[in-house]
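Some notes on the structure that comes next.
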Amino acid sequence: MLAEIITIGDEILIGQIVDTNSAFIATELNKVGVKVFQITSIQDEETHILKALADANERVDLVLLTGGLGPTKDDITKEMFLKYFDDTLVENPAVLAHIKSLFHTHLKRDPLPANLTQAMVPSKATLLENIHGTAPGMWMEKNKTVFVSMPGVPFEMKALMANEVLPRVLKKFKRPHIYHKTLLTYGQGESEIQERITAWEDALPVQIKLAYLPSFGSVRLRLSSTGASKSEVEEGVDKQMLSLSEILQDIAIGYEDETSLIGRIAEKLTSSKQTLSVVESCTGGSIAQAITEIGGSSSYFKGGLIPYSTVLKTEILNVEAALIAKHTVVSVEVAAAMAENSRKLFKSDYALATTGVAGPTKGDTDKDVGTVCIAVAGPEGVTSIEYNLGDHRERVIVKAKNKALEMLLKELSKN
(Lines give C-alpha, C1' and ligand atoms only; values in the text may rest on other atoms or scores of the structure.)
Protein backbone atom coordinates (compact mmCIF):
# COMPACT_ATOMS: atom_id res chain seq x y z
CA MET A 1 0.00 0.00 0.00
CA LEU A 2 1.37 3.39 -1.06
CA ALA A 3 0.66 6.89 0.21
CA GLU A 4 1.59 10.39 -0.85
CA ILE A 5 1.84 13.44 1.39
CA ILE A 6 1.09 16.85 -0.11
CA THR A 7 1.72 20.05 1.80
CA ILE A 8 0.08 23.18 0.45
CA GLY A 9 1.36 26.67 1.13
CA ASP A 10 3.65 29.28 -0.37
CA GLU A 11 5.17 29.81 3.08
CA ILE A 12 6.81 26.38 2.81
CA LEU A 13 8.19 27.00 -0.67
CA ILE A 14 9.80 30.33 0.26
CA GLY A 15 11.35 28.88 3.41
CA GLN A 16 9.25 30.93 5.81
CA ILE A 17 8.29 27.81 7.77
CA VAL A 18 9.77 24.32 7.97
CA ASP A 19 7.51 21.46 6.90
CA THR A 20 7.39 19.34 10.04
CA ASN A 21 3.94 17.98 9.16
CA SER A 22 5.25 15.63 6.48
CA ALA A 23 7.83 14.09 8.80
CA PHE A 24 5.18 13.45 11.45
CA ILE A 25 2.66 11.99 9.00
CA ALA A 26 5.27 9.75 7.35
CA THR A 27 6.36 8.41 10.73
CA GLU A 28 2.79 7.63 11.79
CA LEU A 29 1.95 5.95 8.48
CA ASN A 30 5.07 3.83 8.63
CA LYS A 31 4.07 2.57 12.07
CA VAL A 32 0.89 1.07 10.65
CA GLY A 33 2.44 -0.47 7.53
CA VAL A 34 1.77 2.29 5.01
CA LYS A 35 4.72 3.07 2.73
CA VAL A 36 5.12 6.71 1.70
CA PHE A 37 5.88 6.85 -2.01
CA GLN A 38 6.36 10.60 -2.32
CA ILE A 39 6.22 13.87 -0.38
CA THR A 40 5.28 16.97 -2.37
CA SER A 41 5.09 20.66 -1.44
CA ILE A 42 3.00 22.86 -3.72
CA GLN A 43 1.74 26.43 -4.10
CA ASP A 44 -1.65 27.80 -3.10
CA GLU A 45 -2.48 27.89 -6.80
CA GLU A 46 -5.36 26.22 -8.64
CA THR A 47 -3.54 24.54 -11.53
CA HIS A 48 -0.77 23.30 -9.29
CA ILE A 49 -3.13 21.78 -6.72
CA LEU A 50 -5.38 20.09 -9.29
CA LYS A 51 -2.40 18.58 -11.11
CA ALA A 52 -0.92 17.31 -7.83
CA LEU A 53 -4.23 15.62 -6.97
CA ALA A 54 -4.53 14.02 -10.40
CA ASP A 55 -0.92 12.81 -10.42
CA ALA A 56 -1.23 11.31 -6.95
CA ASN A 57 -4.45 9.56 -7.97
CA GLU A 58 -2.47 7.67 -10.62
CA ARG A 59 0.22 6.28 -8.34
CA VAL A 60 -0.95 5.80 -4.73
CA ASP A 61 -3.82 4.43 -2.65
CA LEU A 62 -3.89 7.21 -0.05
CA VAL A 63 -3.24 10.94 -0.38
CA LEU A 64 -2.83 13.08 2.73
CA LEU A 65 -2.91 16.85 2.32
CA THR A 66 -2.21 19.56 4.88
CA GLY A 67 -2.75 23.29 4.58
CA GLY A 68 -5.02 25.67 2.74
CA LEU A 69 -8.16 25.16 4.86
CA GLY A 70 -8.18 28.51 6.66
CA PRO A 71 -10.92 31.16 6.44
CA THR A 72 -8.97 33.63 4.29
CA LYS A 73 -9.01 34.05 0.51
CA ASP A 74 -5.56 32.56 0.01
CA ASP A 75 -6.74 29.20 1.42
CA ILE A 76 -8.18 27.40 -1.60
CA THR A 77 -7.83 23.68 -0.84
CA LYS A 78 -11.53 23.21 -0.18
CA GLU A 79 -12.39 24.99 -3.43
CA MET A 80 -9.99 22.71 -5.32
CA PHE A 81 -11.63 19.67 -3.76
CA LEU A 82 -14.95 20.88 -5.16
CA LYS A 83 -13.48 21.10 -8.66
CA TYR A 84 -11.57 17.83 -8.53
CA PHE A 85 -14.51 15.85 -7.15
CA ASP A 86 -17.17 17.80 -9.08
CA ASP A 87 -18.95 18.68 -5.84
CA THR A 88 -20.82 21.54 -4.19
CA LEU A 89 -20.77 23.13 -0.75
CA VAL A 90 -23.36 22.49 1.93
CA GLU A 91 -23.59 23.89 5.43
CA ASN A 92 -22.92 21.33 8.14
CA PRO A 93 -24.83 22.13 11.35
CA ALA A 94 -22.44 20.17 13.58
CA VAL A 95 -19.39 22.04 12.26
CA LEU A 96 -21.23 25.36 12.60
CA ALA A 97 -22.07 24.62 16.23
CA HIS A 98 -18.49 23.55 16.90
CA ILE A 99 -17.11 26.82 15.47
CA LYS A 100 -19.44 28.92 17.61
CA SER A 101 -18.61 26.89 20.69
CA LEU A 102 -14.85 27.32 20.19
CA PHE A 103 -15.18 31.10 19.87
CA HIS A 104 -17.53 31.48 22.81
CA THR A 105 -15.46 29.22 25.05
CA HIS A 106 -11.94 30.42 24.26
CA LEU A 107 -12.31 33.94 22.83
CA LYS A 108 -15.52 35.02 24.59
CA ARG A 109 -16.97 36.46 21.37
CA ASP A 110 -18.94 35.53 18.27
CA PRO A 111 -17.05 34.21 15.24
CA LEU A 112 -16.61 36.48 12.24
CA PRO A 113 -18.51 35.70 9.01
CA ALA A 114 -15.28 34.39 7.49
CA ASN A 115 -14.96 31.85 10.30
CA LEU A 116 -18.51 30.65 9.74
CA THR A 117 -17.72 29.84 6.11
CA GLN A 118 -15.67 26.90 7.38
CA ALA A 119 -18.96 25.18 8.16
CA MET A 120 -19.55 25.07 4.38
CA VAL A 121 -18.12 21.72 3.30
CA PRO A 122 -18.17 19.47 0.19
CA SER A 123 -21.37 17.45 0.11
CA LYS A 124 -19.56 14.20 -0.80
CA ALA A 125 -16.97 14.47 1.98
CA THR A 126 -16.87 12.42 5.13
CA LEU A 127 -16.00 15.02 7.74
CA LEU A 128 -13.29 14.43 10.32
CA GLU A 129 -13.78 16.22 13.62
CA ASN A 130 -11.09 18.80 14.36
CA ILE A 131 -11.38 19.16 18.15
CA HIS A 132 -8.77 21.92 18.31
CA GLY A 133 -9.77 24.12 15.37
CA THR A 134 -12.55 25.41 13.17
CA ALA A 135 -11.70 23.63 9.89
CA PRO A 136 -12.81 19.98 9.78
CA GLY A 137 -10.76 17.35 8.03
CA MET A 138 -12.23 15.88 4.84
CA TRP A 139 -12.13 12.26 3.61
CA MET A 140 -13.07 11.73 -0.06
CA GLU A 141 -12.52 8.96 -2.61
CA LYS A 142 -11.95 8.89 -6.36
CA ASN A 143 -10.91 5.98 -8.59
CA LYS A 144 -10.20 3.82 -5.52
CA THR A 145 -7.83 6.40 -4.06
CA VAL A 146 -8.61 8.02 -0.71
CA PHE A 147 -7.91 11.75 -0.32
CA VAL A 148 -7.68 13.22 3.17
CA SER A 149 -7.37 16.95 3.71
CA MET A 150 -6.28 18.33 7.08
CA PRO A 151 -5.42 21.79 8.45
CA GLY A 152 -1.77 22.79 8.32
CA VAL A 153 -1.63 23.82 11.99
CA PRO A 154 0.55 21.02 13.46
CA PHE A 155 -1.33 20.36 16.71
CA GLU A 156 -4.66 20.27 14.85
CA MET A 157 -3.26 17.92 12.22
CA LYS A 158 -1.71 15.59 14.81
CA ALA A 159 -5.00 15.24 16.68
CA LEU A 160 -6.84 14.51 13.45
CA MET A 161 -4.28 11.86 12.50
CA ALA A 162 -4.59 10.15 15.87
CA ASN A 163 -8.34 10.40 16.38
CA GLU A 164 -9.78 10.20 12.88
CA VAL A 165 -7.38 9.39 10.04
CA LEU A 166 -5.33 6.45 11.30
CA PRO A 167 -8.33 4.51 12.70
CA ARG A 168 -10.04 4.84 9.30
CA VAL A 169 -6.88 3.82 7.42
CA LEU A 170 -6.53 0.75 9.61
CA LYS A 171 -10.13 -0.21 8.95
CA LYS A 172 -10.16 0.38 5.19
CA PHE A 173 -6.77 -0.87 3.96
CA LYS A 174 -5.00 -4.20 4.19
CA ARG A 175 -1.38 -3.47 5.07
CA PRO A 176 1.85 -5.44 5.51
CA HIS A 177 3.77 -5.22 8.75
CA ILE A 178 6.72 -2.82 8.54
CA TYR A 179 9.34 -3.01 11.28
CA HIS A 180 12.38 -0.83 11.92
CA LYS A 181 14.95 -1.09 14.66
CA THR A 182 17.77 1.43 14.96
CA LEU A 183 21.06 1.10 16.84
CA LEU A 184 22.68 4.30 18.07
CA THR A 185 26.48 4.50 17.91
CA TYR A 186 29.01 7.19 18.69
CA GLY A 187 32.68 7.91 18.16
CA GLN A 188 33.22 6.29 14.74
CA GLY A 189 32.23 7.32 11.23
CA GLU A 190 30.12 5.28 8.83
CA SER A 191 33.15 4.14 6.78
CA GLU A 192 34.87 2.76 9.88
CA ILE A 193 31.69 1.03 10.98
CA GLN A 194 31.09 -0.44 7.53
CA GLU A 195 34.62 -1.87 7.58
CA ARG A 196 33.90 -3.56 10.91
CA ILE A 197 30.57 -5.11 9.92
CA THR A 198 31.22 -6.07 6.28
CA ALA A 199 30.95 -9.81 6.86
CA TRP A 200 27.83 -9.42 8.99
CA GLU A 201 26.21 -7.12 6.42
CA ASP A 202 26.99 -9.49 3.53
CA ALA A 203 25.24 -12.29 5.42
CA LEU A 204 22.01 -10.33 6.06
CA PRO A 205 18.84 -12.09 4.83
CA VAL A 206 17.56 -10.49 1.62
CA GLN A 207 14.34 -9.31 3.27
CA ILE A 208 16.23 -7.23 5.86
CA LYS A 209 17.73 -3.93 4.74
CA LEU A 210 20.46 -1.92 6.48
CA ALA A 211 20.67 1.88 6.32
CA TYR A 212 23.52 4.06 7.60
CA LEU A 213 22.22 7.36 9.03
CA PRO A 214 25.19 9.57 9.96
CA SER A 215 25.10 12.84 11.88
CA PHE A 216 27.65 14.88 13.81
CA GLY A 217 29.59 12.48 16.01
CA SER A 218 27.21 9.55 15.67
CA VAL A 219 25.82 7.02 13.22
CA ARG A 220 22.42 5.38 13.45
CA LEU A 221 22.17 1.89 11.94
CA ARG A 222 18.61 1.03 10.95
CA LEU A 223 17.40 -2.45 10.09
CA SER A 224 14.08 -2.67 8.23
CA SER A 225 11.89 -5.51 7.07
CA THR A 226 8.38 -5.98 5.70
CA GLY A 227 6.09 -9.00 5.67
CA ALA A 228 2.66 -10.41 6.34
CA SER A 229 3.59 -11.98 9.67
CA LYS A 230 4.30 -9.47 12.44
CA SER A 231 6.07 -12.01 14.64
CA GLU A 232 8.31 -13.34 11.85
CA VAL A 233 9.30 -9.87 10.69
CA GLU A 234 10.15 -8.63 14.19
CA GLU A 235 11.95 -11.81 15.25
CA GLY A 236 14.12 -11.68 12.12
CA VAL A 237 15.14 -8.05 12.65
CA ASP A 238 15.66 -8.47 16.42
CA LYS A 239 17.96 -11.46 15.86
CA GLN A 240 20.16 -9.56 13.41
CA MET A 241 20.18 -6.45 15.59
CA LEU A 242 21.37 -8.45 18.59
CA SER A 243 24.27 -9.74 16.51
CA LEU A 244 25.11 -6.23 15.28
CA SER A 245 25.01 -4.83 18.82
CA GLU A 246 27.50 -7.45 19.96
CA ILE A 247 29.93 -6.59 17.15
CA LEU A 248 29.72 -2.86 17.94
CA GLN A 249 29.33 -3.11 21.70
CA ASP A 250 32.24 -0.69 22.32
CA ILE A 251 30.48 2.16 20.46
CA ALA A 252 26.82 1.19 20.83
CA ILE A 253 24.64 3.44 22.99
CA GLY A 254 21.38 1.54 22.69
CA TYR A 255 18.29 1.52 20.53
CA GLU A 256 16.54 4.59 19.19
CA ASP A 257 13.26 5.38 21.00
CA GLU A 258 14.69 3.60 24.05
CA THR A 259 17.70 5.78 24.86
CA SER A 260 20.20 8.34 23.53
CA LEU A 261 23.70 9.59 24.30
CA ILE A 262 22.27 12.05 26.82
CA GLY A 263 19.92 9.35 28.09
CA ARG A 264 22.80 6.98 28.79
CA ILE A 265 24.68 9.72 30.63
CA ALA A 266 21.58 10.40 32.70
CA GLU A 267 21.25 6.68 33.52
CA LYS A 268 24.90 6.44 34.60
CA LEU A 269 24.79 9.51 36.82
CA THR A 270 21.44 8.58 38.34
CA SER A 271 22.38 4.98 39.14
CA SER A 272 25.71 6.00 40.68
CA LYS A 273 24.16 8.99 42.49
CA GLN A 274 26.89 11.23 41.13
CA THR A 275 26.72 14.81 39.92
CA LEU A 276 27.93 16.85 36.96
CA SER A 277 28.85 20.44 36.18
CA VAL A 278 29.92 22.06 32.91
CA VAL A 279 32.03 25.03 31.96
CA GLU A 280 31.67 25.95 28.31
CA SER A 281 33.59 28.49 26.30
CA CYS A 282 33.32 27.65 22.59
CA THR A 283 30.13 25.58 22.95
CA GLY A 284 28.27 28.51 24.51
CA GLY A 285 25.88 26.57 26.74
CA SER A 286 24.78 23.94 24.22
CA ILE A 287 26.02 21.09 26.43
CA ALA A 288 24.02 22.38 29.40
CA GLN A 289 20.98 22.75 27.17
CA ALA A 290 21.28 19.15 25.97
CA ILE A 291 21.68 17.86 29.52
CA THR A 292 18.67 19.75 30.87
CA GLU A 293 16.38 18.53 28.08
CA ILE A 294 16.14 15.28 30.04
CA GLY A 295 13.45 15.33 32.70
CA GLY A 296 14.84 14.87 36.20
CA SER A 297 18.28 16.24 35.30
CA SER A 298 18.19 18.49 38.38
CA SER A 299 18.98 15.41 40.48
CA TYR A 300 22.48 15.09 38.99
CA PHE A 301 23.25 18.35 37.13
CA LYS A 302 24.68 21.03 39.43
CA GLY A 303 24.93 23.80 36.84
CA GLY A 304 27.33 25.47 34.46
CA LEU A 305 29.28 28.55 33.45
CA ILE A 306 29.94 30.15 30.08
CA PRO A 307 33.21 32.08 30.61
CA TYR A 308 33.53 33.17 27.01
CA SER A 309 36.27 35.72 27.67
CA THR A 310 39.77 34.87 28.88
CA VAL A 311 39.38 37.27 31.82
CA LEU A 312 36.42 35.31 33.21
CA LYS A 313 38.39 32.08 33.01
CA THR A 314 40.90 33.56 35.43
CA GLU A 315 38.61 35.68 37.62
CA ILE A 316 35.70 33.26 38.08
CA LEU A 317 37.23 29.83 37.39
CA ASN A 318 40.60 30.68 38.91
CA VAL A 319 42.55 29.33 35.95
CA GLU A 320 46.08 30.63 36.43
CA ALA A 321 47.02 33.47 34.07
CA ALA A 322 50.51 32.01 33.81
CA LEU A 323 49.06 28.72 32.53
CA ILE A 324 47.14 30.57 29.83
CA ALA A 325 50.19 32.66 28.91
CA LYS A 326 52.32 29.54 28.56
CA HIS A 327 49.90 27.30 26.62
CA THR A 328 47.27 29.78 25.23
CA VAL A 329 43.63 29.78 26.23
CA VAL A 330 42.89 26.98 23.74
CA SER A 331 44.98 24.14 25.07
CA VAL A 332 44.56 20.79 26.79
CA GLU A 333 46.22 22.25 29.88
CA VAL A 334 43.73 25.10 30.19
CA ALA A 335 40.78 22.81 29.42
CA ALA A 336 41.94 20.47 32.19
CA ALA A 337 42.24 23.35 34.66
CA MET A 338 38.76 24.58 33.72
CA ALA A 339 37.26 21.14 34.34
CA GLU A 340 39.08 20.58 37.63
CA ASN A 341 38.15 24.02 38.92
CA SER A 342 34.53 23.51 37.85
CA ARG A 343 34.41 20.39 40.04
CA LYS A 344 35.64 22.43 42.98
CA LEU A 345 33.35 25.40 42.31
CA PHE A 346 30.18 23.34 41.92
CA LYS A 347 31.22 20.52 44.27
CA SER A 348 30.32 18.02 41.55
CA ASP A 349 31.68 14.51 40.99
CA TYR A 350 32.32 15.14 37.29
CA ALA A 351 32.90 18.25 35.21
CA LEU A 352 33.06 18.91 31.47
CA ALA A 353 35.03 21.81 29.99
CA THR A 354 35.35 23.13 26.44
CA THR A 355 37.63 25.81 25.05
CA GLY A 356 38.26 26.36 21.37
CA VAL A 357 38.22 28.43 18.21
CA ALA A 358 34.84 28.09 16.51
CA GLY A 359 35.70 30.89 14.05
CA PRO A 360 35.66 32.79 11.86
CA THR A 361 38.45 34.62 13.78
CA LYS A 362 41.02 33.17 16.19
CA GLY A 363 40.27 35.42 19.18
CA ASP A 364 42.74 35.20 22.11
CA THR A 365 44.84 32.38 20.67
CA ASP A 366 47.08 31.49 17.77
CA LYS A 367 45.43 28.10 17.28
CA ASP A 368 43.74 27.32 13.96
CA VAL A 369 40.00 27.76 13.54
CA GLY A 370 38.32 24.47 14.44
CA THR A 371 40.74 23.62 17.25
CA VAL A 372 38.79 22.58 20.33
CA CYS A 373 40.14 21.24 23.63
CA ILE A 374 37.76 19.22 25.79
CA ALA A 375 38.37 17.94 29.30
CA VAL A 376 36.50 15.63 31.63
CA ALA A 377 37.40 15.76 35.31
CA GLY A 378 36.24 13.07 37.69
CA PRO A 379 37.09 11.31 40.94
CA GLU A 380 39.96 9.43 39.26
CA GLY A 381 41.56 12.45 37.58
CA VAL A 382 41.19 14.46 34.38
CA THR A 383 41.29 13.57 30.69
CA SER A 384 41.94 16.39 28.22
CA ILE A 385 42.05 16.02 24.42
CA GLU A 386 42.63 18.42 21.54
CA TYR A 387 40.51 18.02 18.38
CA ASN A 388 40.41 19.73 14.99
CA LEU A 389 36.76 19.93 14.00
CA GLY A 390 36.88 21.83 10.71
CA ASP A 391 36.33 25.45 9.81
CA HIS A 392 32.54 25.88 9.79
CA ARG A 393 31.44 27.64 12.98
CA GLU A 394 28.11 25.87 13.46
CA ARG A 395 29.59 22.45 12.74
CA VAL A 396 32.49 23.06 15.10
CA ILE A 397 30.12 23.91 17.96
CA VAL A 398 27.87 20.89 17.37
CA LYS A 399 30.80 18.52 16.95
CA ALA A 400 32.45 19.87 20.11
CA LYS A 401 29.26 19.34 22.09
CA ASN A 402 28.96 15.76 20.86
CA LYS A 403 32.64 14.98 21.47
CA ALA A 404 32.35 16.31 25.01
CA LEU A 405 29.34 14.12 25.74
CA GLU A 406 31.10 11.09 24.21
CA MET A 407 34.12 11.67 26.44
CA LEU A 408 31.89 12.00 29.48
CA LEU A 409 30.05 8.75 28.73
CA LYS A 410 33.38 6.91 28.34
CA GLU A 411 34.53 8.17 31.71
CA LEU A 412 31.25 7.24 33.38
CA SER A 413 31.39 3.77 31.79
CA LYS A 414 34.74 3.01 33.43
CA ASN A 415 33.06 2.66 36.82
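Residue numbers start at 1 in each chain; chains themselves are named A, B, ... in the order of the C-alpha coordinates; ligands are numbered from 1 in the order shown.
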- Enumerate, as a count of residues only, the complete set of residues in segment 185-252 of chain A that a backbone-based DSSP assignment places in alpha helix (DSSP H). 30
- Task: Check the smallest atom-to-atom distance from each of A:Glu411, A:Glu232, A:Glu340, A:Glu164 to Met150 of chain A using only C-alpha atoms, then report the winner.
- Result: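 Checking each of A:Glu411, A:Glu232, A:Glu340, A:Glu164 against Met150 of chain A, counting only C-alpha atoms, the winner is A:Glu164.
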- Query: Given the choices A:Glu45, A:Glu156, A:Glu258, A:Asp110, which gets closest to Asn130 of chain A if the distance is worked out from only C-alpha atoms?
  - Reply: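 Checking each candidate against Asn130 of chain A, we get A:Glu156 as the closest.
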Give me, as a tab-separated table, each residue of segment 130-181 of chain A that comes within 12 Å of segment 200-223 of chain A, together with its shortest interatomic pair and the distance in Å at one decimal, counting only C-alpha atoms, with rows ordered by chain and rising residue number.
residue	atom	partner	partner_atom	distance
A:Ile178	CA	A:Leu223	CA	10.8
A:Tyr179	CA	A:Leu223	CA	8.2
A:His180	CA	A:Leu223	CA	5.6
A:Lys181	CA	A:Leu223	CA	5.4
Counting only C-alpha atoms, which residues of segment 222-337 of chain A sit at most 6 Å from some atom of segment 373-396 of chain A, and what is each one's closest atom pair with its distance in Å to one decimal, listed by chain and rising residue number, as a Markdown table?
| residue | atom | partner | partner_atom | distance |
| --- | --- | --- | --- | --- |
| A:Ser331 | CA | A:Cys373 | CA | 5.8 |
| A:Val332 | CA | A:Ser384 | CA | 5.3 |
| A:Ala335 | CA | A:Ala375 | CA | 5.4 |
| A:Ala336 | CA | A:Ala375 | CA | 5.2 |
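Checking A:Ile291, A:Ile14, A:Ala26, A:Leu96 one by one against Gln43 of chain A, counting only C-alpha atoms, you find the shortest gap at A:Ile14.
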- Query: Smallest atom-to-atom distance to Ala288 of chain A: which of A:Ser348, A:Thr182, A:Gly363, A:Leu405, using only C-alpha atoms?
  - Reply: A:Leu405
- Task: Within 7 Å of segment 314-320 of chain A, counting only C-alpha atoms, which residues show up once you throw out same-chain ones fewer than 3 positions away? Write them as a list in words, please.
- Result: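 After dropping sequence-adjacent residues, the list is Thr310, Val311, Leu323, Ile324, Ala337, Met338, Asn341 and Ser342 of chain A.
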- Counting only C-alpha atoms, closest pick from A:Ile42, A:Asn30, A:Gln274, A:Glu190 relative to Glu11 of chain A is A:Ile42
- For Phe85 of chain A, which residue out of A:Thr145, A:Thr134, A:Ser41, A:Asn402 is the nearest one, using only C-alpha atoms? A:Thr145
- Hey, what's within 9 Å of Gly137 of chain A if we count only C-alpha atoms and toss same-chain stuff fewer than 2 positions away? As a count of residues only, please? 16
